[in-house]
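With mmCIF, C-alpha atoms, pLDDT in the B column; chains and numbers go by the auth columns inside, this is my_file-v9.cif:
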```cif
data_work
#
loop_
_atom_site.group_PDB
_atom_site.id
_atom_site.type_symbol
_atom_site.label_atom_id
_atom_site.label_comp_id
_atom_site.label_asym_id
_atom_site.label_seq_id
_atom_site.Cartn_x
_atom_site.Cartn_y
_atom_site.Cartn_z
_atom_site.B_iso_or_equiv
_atom_site.auth_seq_id
_atom_site.auth_asym_id
ATOM 1 C CA MET A 1 116.525 103.722 112.370 46.00 2 A
ATOM 2 C CA ALA A 2 117.624 105.907 115.263 48.00 3 A
ATOM 3 C CA ARG A 3 117.347 109.667 115.467 47.00 4 A
ATOM 4 C CA ARG A 4 120.600 111.604 115.852 44.00 5 A
ATOM 5 C CA PRO A 5 120.985 113.069 119.366 50.00 6 A
ATOM 6 C CA GLU A 6 121.573 116.713 118.422 54.00 7 A
ATOM 7 C CA GLN A 7 119.018 116.974 115.621 59.00 8 A
ATOM 8 C CA GLN A 8 119.126 120.063 113.447 80.00 9 A
ATOM 9 C CA TYR A 9 117.443 120.894 110.165 90.00 10 A
ATOM 10 C CA LEU A 10 119.511 119.971 107.104 94.00 11 A
ATOM 11 C CA SER A 11 118.833 121.037 103.544 95.00 12 A
ATOM 12 C CA VAL A 12 118.783 118.373 100.840 96.00 13 A
ATOM 13 C CA THR A 13 122.185 119.604 99.634 95.00 14 A
ATOM 14 C CA GLU A 14 123.671 119.411 103.154 95.00 15 A
ATOM 15 C CA TYR A 15 122.242 115.901 103.594 96.00 16 A
ATOM 16 C CA LEU A 16 123.651 114.619 100.298 96.00 17 A
ATOM 17 C CA GLU A 17 127.069 116.164 101.007 95.00 18 A
ATOM 18 C CA GLY A 18 127.044 114.672 104.509 95.00 19 A
ATOM 19 C CA GLU A 19 126.259 111.203 103.178 95.00 20 A
ATOM 20 C CA LEU A 20 129.350 111.331 100.966 95.00 21 A
ATOM 21 C CA ALA A 21 131.578 111.882 104.003 93.00 22 A
ATOM 22 C CA SER A 22 129.748 109.696 106.509 93.00 23 A
ATOM 23 C CA GLU A 23 130.715 106.165 107.507 90.00 24 A
ATOM 24 C CA LEU A 24 127.060 105.541 108.423 92.00 25 A
ATOM 25 C CA ARG A 25 124.071 105.728 106.116 93.00 26 A
ATOM 26 C CA HIS A 26 121.168 108.005 107.063 95.00 27 A
ATOM 27 C CA GLU A 27 117.647 108.332 105.785 94.00 28 A
ATOM 28 C CA TYR A 28 116.277 111.863 105.413 96.00 29 A
ATOM 29 C CA ILE A 29 112.766 113.113 106.091 94.00 30 A
ATOM 30 C CA ASP A 30 112.016 116.815 105.748 93.00 31 A
ATOM 31 C CA GLY A 31 115.339 118.106 107.058 94.00 32 A
ATOM 32 C CA GLU A 32 115.906 115.455 109.729 95.00 33 A
ATOM 33 C CA VAL A 33 118.267 112.493 109.395 94.00 34 A
ATOM 34 C CA TYR A 34 118.018 109.042 110.925 91.00 35 A
ATOM 35 C CA ALA A 35 120.947 106.619 111.186 91.00 36 A
ATOM 36 C CA MET A 36 120.489 103.202 109.584 89.00 37 A
ATOM 37 C CA VAL A 37 121.106 100.083 111.643 80.00 38 A
ATOM 38 C CA GLY A 38 123.067 97.038 110.490 82.00 39 A
ATOM 39 C CA ALA A 39 121.413 94.033 108.859 90.00 40 A
ATOM 40 C CA SER A 40 121.383 90.347 109.799 92.00 41 A
ATOM 41 C CA ASP A 41 122.802 87.500 107.757 95.00 42 A
ATOM 42 C CA ARG A 42 119.263 86.446 106.743 96.00 43 A
ATOM 43 C CA HIS A 43 118.532 89.977 105.560 96.00 44 A
ATOM 44 C CA ASN A 44 121.670 90.057 103.428 96.00 45 A
ATOM 45 C CA LEU A 45 121.136 86.555 102.013 98.00 46 A
ATOM 46 C CA ILE A 46 117.552 87.306 100.941 98.00 47 A
ATOM 47 C CA ALA A 47 118.443 90.645 99.337 98.00 48 A
ATOM 48 C CA GLY A 48 121.600 89.192 97.768 98.00 49 A
ATOM 49 C CA ASN A 49 119.801 86.162 96.334 98.00 50 A
ATOM 50 C CA LEU A 50 117.098 88.347 94.787 98.00 51 A
ATOM 51 C CA PHE A 51 119.664 90.759 93.349 98.00 52 A
ATOM 52 C CA ALA A 52 121.864 87.948 91.977 97.00 53 A
ATOM 53 C CA THR A 53 118.901 86.204 90.362 97.00 54 A
ATOM 54 C CA LEU A 54 117.359 89.326 88.871 97.00 55 A
ATOM 55 C CA HIS A 55 120.534 91.109 87.743 97.00 56 A
ATOM 56 C CA PRO A 56 121.331 88.987 84.638 97.00 57 A
ATOM 57 C CA HIS A 57 117.799 89.557 83.330 96.00 58 A
ATOM 58 C CA VAL A 58 117.910 93.301 84.007 97.00 59 A
ATOM 59 C CA ARG A 59 121.266 93.673 82.218 95.00 60 A
ATOM 60 C CA ALA A 60 119.502 92.921 78.931 90.00 61 A
ATOM 61 C CA THR A 61 117.145 95.898 79.440 94.00 62 A
ATOM 62 C CA ASN A 62 117.467 99.666 79.829 94.00 63 A
ATOM 63 C CA CYS A 63 116.783 99.249 83.542 97.00 64 A
ATOM 64 C CA GLN A 64 119.251 99.684 86.391 98.00 65 A
ATOM 65 C CA LEU A 65 119.198 97.500 89.512 98.00 66 A
ATOM 66 C CA PHE A 66 120.748 98.644 92.795 98.00 67 A
ATOM 67 C CA MET A 67 121.260 96.973 96.140 95.00 68 A
ATOM 68 C CA SER A 68 121.117 98.824 99.477 89.00 69 A
ATOM 69 C CA ASP A 69 123.379 101.840 98.832 92.00 70 A
ATOM 70 C CA MET A 70 121.300 103.711 96.254 97.00 71 A
ATOM 71 C CA LYS A 71 118.820 106.176 97.722 98.00 72 A
ATOM 72 C CA VAL A 72 115.299 106.781 96.461 98.00 73 A
ATOM 73 C CA ARG A 73 114.184 110.412 96.548 98.00 74 A
ATOM 74 C CA LEU A 74 110.545 111.322 96.911 96.00 75 A
ATOM 75 C CA ARG A 75 108.240 114.076 98.058 92.00 76 A
ATOM 76 C CA VAL A 76 105.487 113.269 100.528 85.00 77 A
ATOM 77 C CA ALA A 77 103.024 115.961 101.573 86.00 78 A
ATOM 78 C CA GLY A 78 105.402 118.586 100.204 90.00 79 A
ATOM 79 C CA GLU A 79 108.374 117.246 102.173 93.00 80 A
ATOM 80 C CA ASP A 80 111.589 115.838 100.699 96.00 81 A
ATOM 81 C CA ALA A 81 112.549 112.335 101.787 96.00 82 A
ATOM 82 C CA PHE A 82 115.400 109.968 100.975 98.00 83 A
ATOM 83 C CA TYR A 83 115.301 106.278 101.879 97.00 84 A
ATOM 84 C CA TYR A 84 117.718 103.430 101.262 97.00 85 A
ATOM 85 C CA PRO A 85 115.589 100.530 99.998 97.00 86 A
ATOM 86 C CA ASP A 86 117.245 97.112 100.043 97.00 87 A
ATOM 87 C CA ILE A 87 116.778 96.831 96.273 98.00 88 A
ATOM 88 C CA LEU A 88 115.807 99.529 93.797 98.00 89 A
ATOM 89 C CA LEU A 89 114.928 99.027 90.129 98.00 90 A
ATOM 90 C CA SER A 90 114.622 102.015 87.798 98.00 91 A
ATOM 91 C CA CYS A 91 113.729 101.673 84.124 97.00 92 A
ATOM 92 C CA ASP A 92 113.406 105.381 83.317 97.00 93 A
ATOM 93 C CA PRO A 93 116.362 106.398 81.096 97.00 94 A
ATOM 94 C CA ASN A 94 116.098 109.972 82.464 97.00 95 A
ATOM 95 C CA ASP A 95 116.381 108.792 86.083 98.00 96 A
ATOM 96 C CA ARG A 96 120.161 108.905 86.334 97.00 97 A
ATOM 97 C CA GLU A 97 121.247 111.055 89.273 97.00 98 A
ATOM 98 C CA VAL A 98 124.576 109.896 90.689 96.00 99 A
ATOM 99 C CA TYR A 99 123.481 109.246 94.302 96.00 100 A
ATOM 100 C CA PHE A 100 119.739 108.637 94.098 98.00 101 A
ATOM 101 C CA ARG A 101 116.841 107.668 91.857 98.00 102 A
ATOM 102 C CA SER A 102 113.449 109.396 91.788 98.00 103 A
ATOM 103 C CA HIS A 103 111.463 107.214 89.365 98.00 104 A
ATOM 104 C CA PRO A 104 111.832 103.551 90.355 98.00 105 A
ATOM 105 C CA CYS A 105 109.406 100.945 89.071 98.00 106 A
ATOM 106 C CA MET A 106 110.170 98.491 91.904 98.00 107 A
ATOM 107 C CA LEU A 107 111.386 98.834 95.492 98.00 108 A
ATOM 108 C CA VAL A 108 112.218 96.000 97.909 98.00 109 A
ATOM 109 C CA GLU A 109 112.575 95.946 101.681 97.00 110 A
ATOM 110 C CA VAL A 110 113.583 92.923 103.760 97.00 111 A
ATOM 111 C CA VAL A 111 111.460 93.131 106.901 95.00 112 A
ATOM 112 C CA SER A 112 112.770 92.445 110.385 90.00 113 A
ATOM 113 C CA GLU A 113 111.023 92.755 113.707 89.00 114 A
ATOM 114 C CA SER A 114 112.694 96.125 114.287 87.00 115 A
ATOM 115 C CA THR A 115 111.848 97.565 110.823 89.00 116 A
ATOM 116 C CA ALA A 116 108.375 96.056 110.267 92.00 117 A
ATOM 117 C CA ARG A 117 106.393 99.109 111.411 92.00 118 A
ATOM 118 C CA ILE A 118 108.415 101.486 109.234 93.00 119 A
ATOM 119 C CA ASP A 119 108.525 99.183 106.181 95.00 120 A
ATOM 120 C CA ARG A 120 104.838 98.200 106.324 95.00 121 A
ATOM 121 C CA ARG A 121 103.401 101.625 107.173 95.00 122 A
ATOM 122 C CA GLU A 122 105.664 104.659 106.778 94.00 123 A
ATOM 123 C CA LYS A 123 107.546 103.460 103.717 95.00 124 A
ATOM 124 C CA LEU A 124 104.448 101.865 102.164 97.00 125 A
ATOM 125 C CA LEU A 125 102.578 105.172 102.412 95.00 126 A
ATOM 126 C CA ALA A 126 105.576 107.122 101.128 96.00 127 A
ATOM 127 C CA TYR A 127 106.572 104.745 98.335 97.00 128 A
ATOM 128 C CA THR A 128 103.051 104.435 96.918 96.00 129 A
ATOM 129 C CA GLN A 129 103.147 108.202 96.247 95.00 130 A
ATOM 130 C CA ILE A 130 105.883 107.640 93.632 97.00 131 A
ATOM 131 C CA GLU A 131 104.075 107.809 90.281 96.00 132 A
ATOM 132 C CA SER A 132 106.507 105.493 88.484 97.00 133 A
ATOM 133 C CA LEU A 133 106.380 102.777 91.160 98.00 134 A
ATOM 134 C CA ARG A 134 104.555 99.631 90.076 98.00 135 A
ATOM 135 C CA GLU A 135 105.690 97.181 92.781 98.00 136 A
ATOM 136 C CA TYR A 136 106.762 97.345 96.415 98.00 137 A
ATOM 137 C CA LEU A 137 107.941 93.981 97.753 98.00 138 A
ATOM 138 C CA LEU A 138 108.330 93.152 101.433 98.00 139 A
ATOM 139 C CA PHE A 139 110.336 89.991 102.151 98.00 140 A
ATOM 140 C CA PHE A 140 110.123 88.578 105.665 97.00 141 A
ATOM 141 C CA GLN A 141 113.328 87.212 107.165 95.00 142 A
ATOM 142 C CA ASP A 142 111.713 85.066 109.850 95.00 143 A
ATOM 143 C CA ARG A 143 109.622 83.031 107.373 96.00 144 A
ATOM 144 C CA GLN A 144 109.478 82.338 103.641 97.00 145 A
ATOM 145 C CA GLU A 145 106.915 84.947 102.698 97.00 146 A
ATOM 146 C CA VAL A 146 106.659 88.062 100.556 98.00 147 A
ATOM 147 C CA ASP A 147 103.967 90.720 100.425 98.00 148 A
ATOM 148 C CA ILE A 148 103.749 92.314 96.994 98.00 149 A
ATOM 149 C CA HIS A 149 102.034 95.669 96.715 98.00 150 A
ATOM 150 C CA ARG A 150 101.154 96.291 93.065 98.00 151 A
ATOM 151 C CA ARG A 151 99.630 99.282 91.333 97.00 152 A
ATOM 152 C CA ARG A 152 96.547 98.013 89.462 92.00 153 A
ATOM 153 C CA ASP A 153 93.661 100.488 89.418 91.00 154 A
ATOM 154 C CA GLY A 154 94.892 101.479 92.849 94.00 155 A
ATOM 155 C CA TRP A 155 97.207 99.468 95.072 97.00 156 A
ATOM 156 C CA ARG A 156 96.569 95.764 95.694 97.00 157 A
ATOM 157 C CA ILE A 157 98.468 93.306 97.859 97.00 158 A
ATOM 158 C CA ASP A 158 99.376 89.686 97.107 96.00 159 A
ATOM 159 C CA ARG A 159 101.053 87.361 99.600 97.00 160 A
ATOM 160 C CA ILE A 160 103.250 84.513 98.362 97.00 161 A
ATOM 161 C CA VAL A 161 104.551 81.730 100.609 97.00 162 A
ATOM 162 C CA LYS A 162 105.541 79.188 97.929 96.00 163 A
ATOM 163 C CA GLY A 163 105.824 78.912 94.180 97.00 164 A
ATOM 164 C CA GLU A 164 107.001 81.655 91.877 97.00 165 A
ATOM 165 C CA LEU A 165 107.304 85.358 92.410 96.00 166 A
ATOM 166 C CA THR A 166 106.579 87.481 89.344 96.00 167 A
ATOM 167 C CA ILE A 167 108.277 90.830 88.979 96.00 168 A
ATOM 168 C CA GLU A 168 105.951 92.512 86.513 96.00 169 A
ATOM 169 C CA CYS A 169 108.084 95.617 86.127 94.00 170 A
ATOM 170 C CA VAL A 170 110.599 93.590 84.068 96.00 171 A
ATOM 171 C CA GLU A 171 108.466 90.497 83.328 96.00 172 A
ATOM 172 C CA PHE A 172 110.541 88.021 85.307 97.00 173 A
ATOM 173 C CA ASN A 173 109.609 84.961 87.380 97.00 174 A
ATOM 174 C CA ILE A 174 111.699 83.717 90.302 96.00 175 A
ATOM 175 C CA PRO A 175 111.025 80.665 92.479 97.00 176 A
ATOM 176 C CA LEU A 176 110.550 81.908 96.036 97.00 177 A
ATOM 177 C CA GLU A 177 112.753 79.034 97.255 97.00 178 A
ATOM 178 C CA GLN A 178 115.643 80.475 95.214 97.00 179 A
ATOM 179 C CA ILE A 179 115.391 83.813 97.031 98.00 180 A
ATOM 180 C CA TYR A 180 115.426 82.042 100.402 98.00 181 A
ATOM 181 C CA GLU A 181 118.230 79.636 99.431 97.00 182 A
ATOM 182 C CA GLY A 182 120.783 79.293 102.231 97.00 183 A
ATOM 183 C CA VAL A 183 118.621 81.275 104.674 97.00 184 A
ATOM 184 C CA SER A 184 118.310 79.612 108.080 96.00 185 A
ATOM 185 C CA LEU A 185 114.768 80.416 109.193 94.00 186 A
ATOM 186 C CA PRO A 186 113.954 80.319 112.926 88.00 187 A
#
```
Rewrite the structure from the file as structure tokens, please.
Amino acid sequence: MARRPEQQYLSVTEYLEGELASELRHEYIDGEVYAMVGASDRHNLIAGNLFATLHPHVRATNCQLFMSDMKVRLRVAGEDAFYYPDILLSCDPNDREVYFRSHPCMLVEVVSESTARIDRREKLLAYTQIESLREYLLFFQDRQEVDIHRRRDGWRIDRIVKGELTIECVEFNIPLEQIYEGVSLP
């Protein structure tokens, strides 16, 4: 994500209003906005396959599943932040703002070389502050691999390279090969 050249402090209201009129998406951290870069075909295939596989199961629940354009709002060290995760799952019936969610149970990022530092450090630290979050999944687009950060008496990490992925938030199993179907790995 790139910083805007003429950076000025924006309130949360100004940021949300600006996003409605903008052709680009921006993430927001304590009054500063950062433009989002485009995604590769592998990125879109991985996120799309996961969404398509999980969506029919989620429809039978009170949960809502979003792909890429729904923001997550959080507060980190007293600062407001808005990110656009690749997939967001919220099962809280009171978490129904029009343009963002604040109480997700699962967040997903598809990691690229250019986003790895942010996804694996900044967003990991920020996302794990969300009390409702149970799982943060990081899918790699250069290899069939997912890191799953789960809240279990603190945060623990599991790495899966084959077999099934379990999404505990909605009790659903997905073969990892199905998520990477059609993805041409380098």
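With distances restricted to only C-alpha atoms, A:Ile180 is the closest residue to Ala53 in chain A from A:Val77, A:Tyr35, A:Pro187, A:Ile180.
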### Query
Contacts of range 59-67 of chain A at 9 Å or less, counting all atoms listed in the file, minus same-chain residues fewer than 6 places along, as a PyMOL selection string?
chain A and resi 52+87-94+171
Looking at all atoms listed in the file, which of A:Val184, A:Ile30, A:Leu11, A:Ile158 is the one that sits closest to Asp81 in chain A?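 The answer is A:Ile30, which sits nearest to Asp81 in chain A.
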*Please write as number ranges by chain the full residue list that the PyMOL selection byres ((chain A and resi 45) around 12) yields on this file.*
A: 39-44, 46-53, 68-69, 87-88, 110-113, 140-142, 180-185
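Among the candidate residues A:Asp143, A:Arg151, A:Ser23, A:Asp159, the one lying nearest to Glu114 in chain A is A:Asp143, with distances computed using all atoms listed in the file.
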If you count only C-alpha atoms, the residue of A:Glu18, A:Glu172, A:Asp70, A:Asp154 closest to Phe101 in chain A turns out to be A:Asp70
Distance of CA of Tyr85 in chain A from CA of Glu24 in chain A, expressed in Å to one decimal place: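 Separating CA of Glu24 in chain A from CA of Tyr85 in chain A is a distance of 14.7 Å.
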Place N, CA, C and O atoms on range 32-46 of chain A and deliver the coordinates as a PDB file, in the frame of the given file.
```pdb
ATOM      1  N   GLY A  32     114.306 117.388 106.331  1.00 94.00           N
ATOM      2  CA  GLY A  32     115.339 118.106 107.058  1.00 94.00           C
ATOM      3  C   GLY A  32     115.930 117.378 108.244  1.00 94.00           C
ATOM      4  O   GLY A  32     116.884 117.852 108.846  1.00 94.00           O
ATOM      5  N   GLU A  33     115.372 116.226 108.615  1.00 95.00           N
ATOM      6  CA  GLU A  33     115.906 115.455 109.729  1.00 95.00           C
ATOM      7  C   GLU A  33     116.505 114.153 109.212  1.00 95.00           C
ATOM      8  O   GLU A  33     115.982 113.551 108.280  1.00 95.00           O
ATOM      9  N   VAL A  34     117.603 113.721 109.834  1.00 94.00           N
ATOM     10  CA  VAL A  34     118.267 112.493 109.395  1.00 94.00           C
ATOM     11  C   VAL A  34     118.185 111.435 110.486  1.00 94.00           C
ATOM     12  O   VAL A  34     118.154 111.742 111.673  1.00 94.00           O
ATOM     13  N   TYR A  35     118.142 110.186 110.031  1.00 91.00           N
ATOM     14  CA  TYR A  35     118.018 109.042 110.925  1.00 91.00           C
ATOM     15  C   TYR A  35     119.049 108.005 110.527  1.00 91.00           C
ATOM     16  O   TYR A  35     119.088 107.577 109.365  1.00 91.00           O
ATOM     17  N   ALA A  36     119.895 107.595 111.468  1.00 91.00           N
ATOM     18  CA  ALA A  36     120.947 106.619 111.186  1.00 91.00           C
ATOM     19  C   ALA A  36     120.333 105.259 110.885  1.00 91.00           C
ATOM     20  O   ALA A  36     119.348 104.856 111.492  1.00 91.00           O
ATOM     21  N   MET A  37     120.935 104.549 109.959  1.00 89.00           N
ATOM     22  CA  MET A  37     120.489 103.202 109.584  1.00 89.00           C
ATOM     23  C   MET A  37     121.213 102.182 110.459  1.00 89.00           C
ATOM     24  O   MET A  37     122.389 102.344 110.747  1.00 89.00           O
ATOM     25  N   VAL A  38     120.497 101.140 110.839  1.00 80.00           N
ATOM     26  CA  VAL A  38     121.106 100.083 111.643  1.00 80.00           C
ATOM     27  C   VAL A  38     121.642  98.983 110.724  1.00 80.00           C
ATOM     28  O   VAL A  38     121.256  98.890 109.562  1.00 80.00           O
ATOM     29  N   GLY A  39     122.509  98.145 111.259  1.00 82.00           N
ATOM     30  CA  GLY A  39     123.067  97.038 110.490  1.00 82.00           C
ATOM     31  C   GLY A  39     122.029  95.972 110.213  1.00 82.00           C
ATOM     32  O   GLY A  39     120.970  95.920 110.826  1.00 82.00           O
ATOM     33  N   ALA A  40     122.349  95.083 109.280  1.00 90.00           N
ATOM     34  CA  ALA A  40     121.413  94.033 108.859  1.00 90.00           C
ATOM     35  C   ALA A  40     121.953  92.660 109.249  1.00 90.00           C
ATOM     36  O   ALA A  40     123.155  92.450 109.334  1.00 90.00           O
ATOM     37  N   SER A  41     121.031  91.721 109.431  1.00 92.00           N
ATOM     38  CA  SER A  41     121.383  90.347 109.799  1.00 92.00           C
ATOM     39  C   SER A  41     121.868  89.562 108.584  1.00 92.00           C
ATOM     40  O   SER A  41     121.728  89.999 107.437  1.00 92.00           O
ATOM     41  N   ASP A  42     122.386  88.369 108.851  1.00 95.00           N
ATOM     42  CA  ASP A  42     122.802  87.500 107.757  1.00 95.00           C
ATOM     43  C   ASP A  42     121.609  87.101 106.895  1.00 95.00           C
ATOM     44  O   ASP A  42     121.700  87.067 105.671  1.00 95.00           O
ATOM     45  N   ARG A  43     120.458  86.815 107.517  1.00 96.00           N
ATOM     46  CA  ARG A  43     119.263  86.446 106.743  1.00 96.00           C
ATOM     47  C   ARG A  43     118.848  87.588 105.820  1.00 96.00           C
ATOM     48  O   ARG A  43     118.506  87.369 104.659  1.00 96.00           O
ATOM     49  N   HIS A  44     118.873  88.792 106.349  1.00 96.00           N
ATOM     50  CA  HIS A  44     118.532  89.977 105.560  1.00 96.00           C
ATOM     51  C   HIS A  44     119.422  90.064 104.324  1.00 96.00           C
ATOM     52  O   HIS A  44     118.940  90.228 103.198  1.00 96.00           O
ATOM     53  N   ASN A  45     120.719  89.948 104.536  1.00 96.00           N
ATOM     54  CA  ASN A  45     121.670  90.057 103.428  1.00 96.00           C
ATOM     55  C   ASN A  45     121.549  88.915 102.439  1.00 96.00           C
ATOM     56  O   ASN A  45     121.685  89.114 101.232  1.00 96.00           O
ATOM     57  N   LEU A  46     121.292  87.697 102.914  1.00 98.00           N
ATOM     58  CA  LEU A  46     121.136  86.555 102.013  1.00 98.00           C
ATOM     59  C   LEU A  46     119.895  86.715 101.133  1.00 98.00           C
ATOM     60  O   LEU A  46     119.946  86.466  99.925  1.00 98.00           O
TER      61      LEU A  46
END
```
